[in-house]
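The block underneath contains the structure these notes are about, expressed in C-alpha cells.
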Amino acid sequence: MAIEIPEIEMVLVEGGTFTMGATPEQGSDACDDEKPAHKVTLDSFYIGKFPVTQRLWKAVMGSNPSDFKGDNLPVENVSWDDVQTFLRKLNAATGKTYRLPTEAEWEYAARGGNKSQGYKYVGSNDLDLVAWYSGNSDGTTHKVGTRFPNELGIYDMSGNVWEWCQDWYGSYSSSPQTNPKGPNSGSYRVYRGGSWLDDARDCRVSFRDYFTPDYRYSDLGFRLAL
C-alpha cells in the first residue's frame, strides 16, 4: 500500500559565501569549537521550513517515538540512525532525495543565507521572539511555526528541538572551504540550534553540539534538506 505523505514545505536557500563560526556578534558566548571563524561557499539547496513534525514521521514510519505527543509538534527522541531509516523510506515513497543538511548548510540557512542581518540567534537578537527555549517553553516542545521566522522564512531553527546534521563532529580549519561535508569519519554526529530545554547561549546560530549516532532524547529532532 502506498504511503500518503503530508505536504513537506521547503525553502530555497540561494548559494553564497559566508563566515561560519565565532563571528563578532557571538561575543564572549562563543565556544572554542566555534573557532576559527572561516569562509564557506555553498551551492544553492532547499531546507525544511519547519522541523520534521510527528505527523510526517508517523506517515512514513507508522509509529511515534516522541515524548511530547502532537501531530504539529516536532518529532523528537529520534537518533541519527533512526533518521537515516526515515530518509530511506521517505525517499522511496516520494522518489526524491531528501537528506539531512550539512553543518555548514544548517548554519548558513540559520543565519539567513544571503539575506542575513547578522543576528546572534536565528532571525533576531531577541530570542523570545524566535525560539522556544528554557526561558519561555514551560518545559515542553511547541507547535512548529509559532514564533517568528528568520530572514528566509524558516522557523524554529533556534530552540524547540535540536536538529541533527549530516556531519561527523570535528574541529574547524581556518582555510576557506566549498560545500564542506565535515570529517570523513568520527564517533559523534553534530546537532544544532538548541531546544526547549536549553538556555540562550545554546540557541545561537554558531553553537555546536554532538553525540553518538544512536543517541535519543526528548529535545532532539531534525529538519530535511534537498
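Naming scheme: A, B, ... for chains in displayed order of the C-alpha cells; residues 1 onward per chain; ligands 1 onward as shown.
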List every residue of region 190-209 of chain A that has an atom at most 9 Å from any atom of region 140-145 of chain A, and for each one report the closest atom pair and its distance in Å to one decimal, counting only C-alpha atoms, with rows sorted by chain and then by increasing residue number, as CSV.
```
residue,atom,partner,partner_atom,distance
A:Ser195,CA,A:Thr141,CA,8.1
A:Trp196,CA,A:Thr141,CA,5.9
A:Leu197,CA,A:Thr140,CA,7.7
```
task: Give me the residues within 9 Å of Gln26 (chain A) as an MDAnalysis selection string, counting only C-alpha atoms and dropping any in the same chain fewer than 6 places off.
output: chainID A and resid 119:121 204:206
Could you turn the residues from that selection into a file that holds N, CA, C and O atoms, as a PDB file, in the first residue's frame?
```pdb
ATOM      1  N   TYR A 119      22.312  38.380  12.852  1.00  0.00           N
ATOM      2  CA  TYR A 119      21.756  38.184  14.192  1.00  0.00           C
ATOM      3  C   TYR A 119      22.521  37.124  14.983  1.00  0.00           C
ATOM      4  O   TYR A 119      23.131  36.217  14.421  1.00  0.00           O
ATOM      5  N   LYS A 120      22.420  37.237  16.301  1.00  0.00           N
ATOM      6  CA  LYS A 120      23.057  36.269  17.200  1.00  0.00           C
ATOM      7  C   LYS A 120      22.299  34.937  17.212  1.00  0.00           C
ATOM      8  O   LYS A 120      22.901  33.866  17.266  1.00  0.00           O
ATOM      9  N   TYR A 121      20.965  35.036  17.191  1.00  0.00           N
ATOM     10  CA  TYR A 121      20.117  33.846  17.153  1.00  0.00           C
ATOM     11  C   TYR A 121      19.530  33.735  15.742  1.00  0.00           C
ATOM     12  O   TYR A 121      19.858  34.534  14.867  1.00  0.00           O
ATOM     13  N   ARG A 204      22.272  29.909  19.877  1.00  0.00           N
ATOM     14  CA  ARG A 204      22.933  30.809  18.918  1.00  0.00           C
ATOM     15  C   ARG A 204      23.166  30.124  17.569  1.00  0.00           C
ATOM     16  O   ARG A 204      23.284  28.904  17.509  1.00  0.00           O
ATOM     17  N   VAL A 205      23.296  30.932  16.511  1.00  0.00           N
ATOM     18  CA  VAL A 205      23.469  30.373  15.161  1.00  0.00           C
ATOM     19  C   VAL A 205      24.751  29.570  14.998  1.00  0.00           C
ATOM     20  O   VAL A 205      24.821  28.675  14.146  1.00  0.00           O
ATOM     21  N   SER A 206      25.774  29.861  15.811  1.00  0.00           N
ATOM     22  CA  SER A 206      27.068  29.192  15.625  1.00  0.00           C
ATOM     23  C   SER A 206      27.348  28.093  16.655  1.00  0.00           C
ATOM     24  O   SER A 206      28.354  27.390  16.545  1.00  0.00           O
TER      25      SER A 206
END
```
field: Every residue of region 6-225 of chain A that DSSP places in strand (DSSP E), as a PyMOL selection string
entry: chain A and resi 10-13+16-20+38-42+45-48+162-168+177-178+189-192+208-211+220-222
- prompt: region 92-94 of chain A: which residues within 12 Å, counting only C-alpha atoms, same-chain residues fewer than 5 positions away excluded, as a PyMOL selection string?
  reply: chain A and resi 1-8+59-61+85-87
- prompt: Between A:Arg55, A:Arg192, A:Lys69, A:Lys39, which has the minimum distance to Val122 (chain A) (counting only C-alpha atoms)?
  reply: A:Arg192
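Closest approach to Ser185 (chain A) from the set A:Tyr169, A:Ala200, A:Ser137, A:Asn72 is made by A:Tyr169, with distances taken over only C-alpha atoms.
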query: So which residues of chain A fall under alpha helix (DSSP H) by DSSP, listed as an MDAnalysis selection string?
result: chainID A and resid 54:61 80:94 103:110 127:130
field: Nearest residue to Gln117 (chain A) from the set A:Arg99, A:Ala225, A:Phe18, A:Leu12 (distances using only C-alpha atoms)
entry: A:Phe18
query: What separation in Å, quoted to one decimal, exists between CA of Arg201 (chain A) and CA of Ala30 (chain A)?
result: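 Rounded to one decimal, the two atoms are 8.4 Å apart.
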message: Need to verify the contact set: Pro180 (chain A), 10 Å, only C-alpha atoms, exclusion of same-chain residues closer than 5 positions in sequence. Can you return it as a PyMOL selection string?
response: chain A and resi 40-42+102-105+167
So that I have them on file, write out the residues from the current selection with N, CA, C and O atoms, as a compact mmCIF listing (two decimals), in the first residue's frame.
```txt
# COMPACT_ATOMS: atom_id res chain seq x y z
N VAL A 40 33.08 30.01 4.07
CA VAL A 40 32.49 28.83 3.45
C VAL A 40 31.63 29.28 2.27
O VAL A 40 30.84 30.22 2.40
N THR A 41 31.79 28.61 1.15
CA THR A 41 30.97 28.86 -0.03
C THR A 41 30.09 27.64 -0.29
O THR A 41 30.58 26.50 -0.28
N LEU A 42 28.80 27.88 -0.49
CA LEU A 42 27.84 26.79 -0.67
C LEU A 42 27.04 26.99 -1.95
O LEU A 42 26.72 28.11 -2.35
N THR A 102 24.03 19.49 5.75
CA THR A 102 25.37 19.52 6.34
C THR A 102 25.40 20.59 7.42
O THR A 102 24.54 21.47 7.48
N GLU A 103 26.40 20.51 8.28
CA GLU A 103 26.52 21.51 9.34
C GLU A 103 26.66 22.92 8.75
O GLU A 103 26.08 23.88 9.26
N ALA A 104 27.42 23.05 7.67
CA ALA A 104 27.59 24.35 7.03
C ALA A 104 26.28 24.85 6.41
O ALA A 104 25.94 26.04 6.54
N GLU A 105 25.55 23.96 5.75
CA GLU A 105 24.25 24.36 5.21
C GLU A 105 23.31 24.80 6.32
O GLU A 105 22.59 25.79 6.18
N ASP A 167 26.89 15.76 9.31
CA ASP A 167 28.33 15.65 9.51
C ASP A 167 28.74 14.88 10.76
O ASP A 167 28.07 14.94 11.80
```
Option closest in space to Asn160 (chain A), from A:Arg223, A:Lys58, A:Lys115, A:Arg189 [counting only C-alpha atoms]: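 Checking each candidate against Asn160 (chain A), we get A:Arg223 as the closest.
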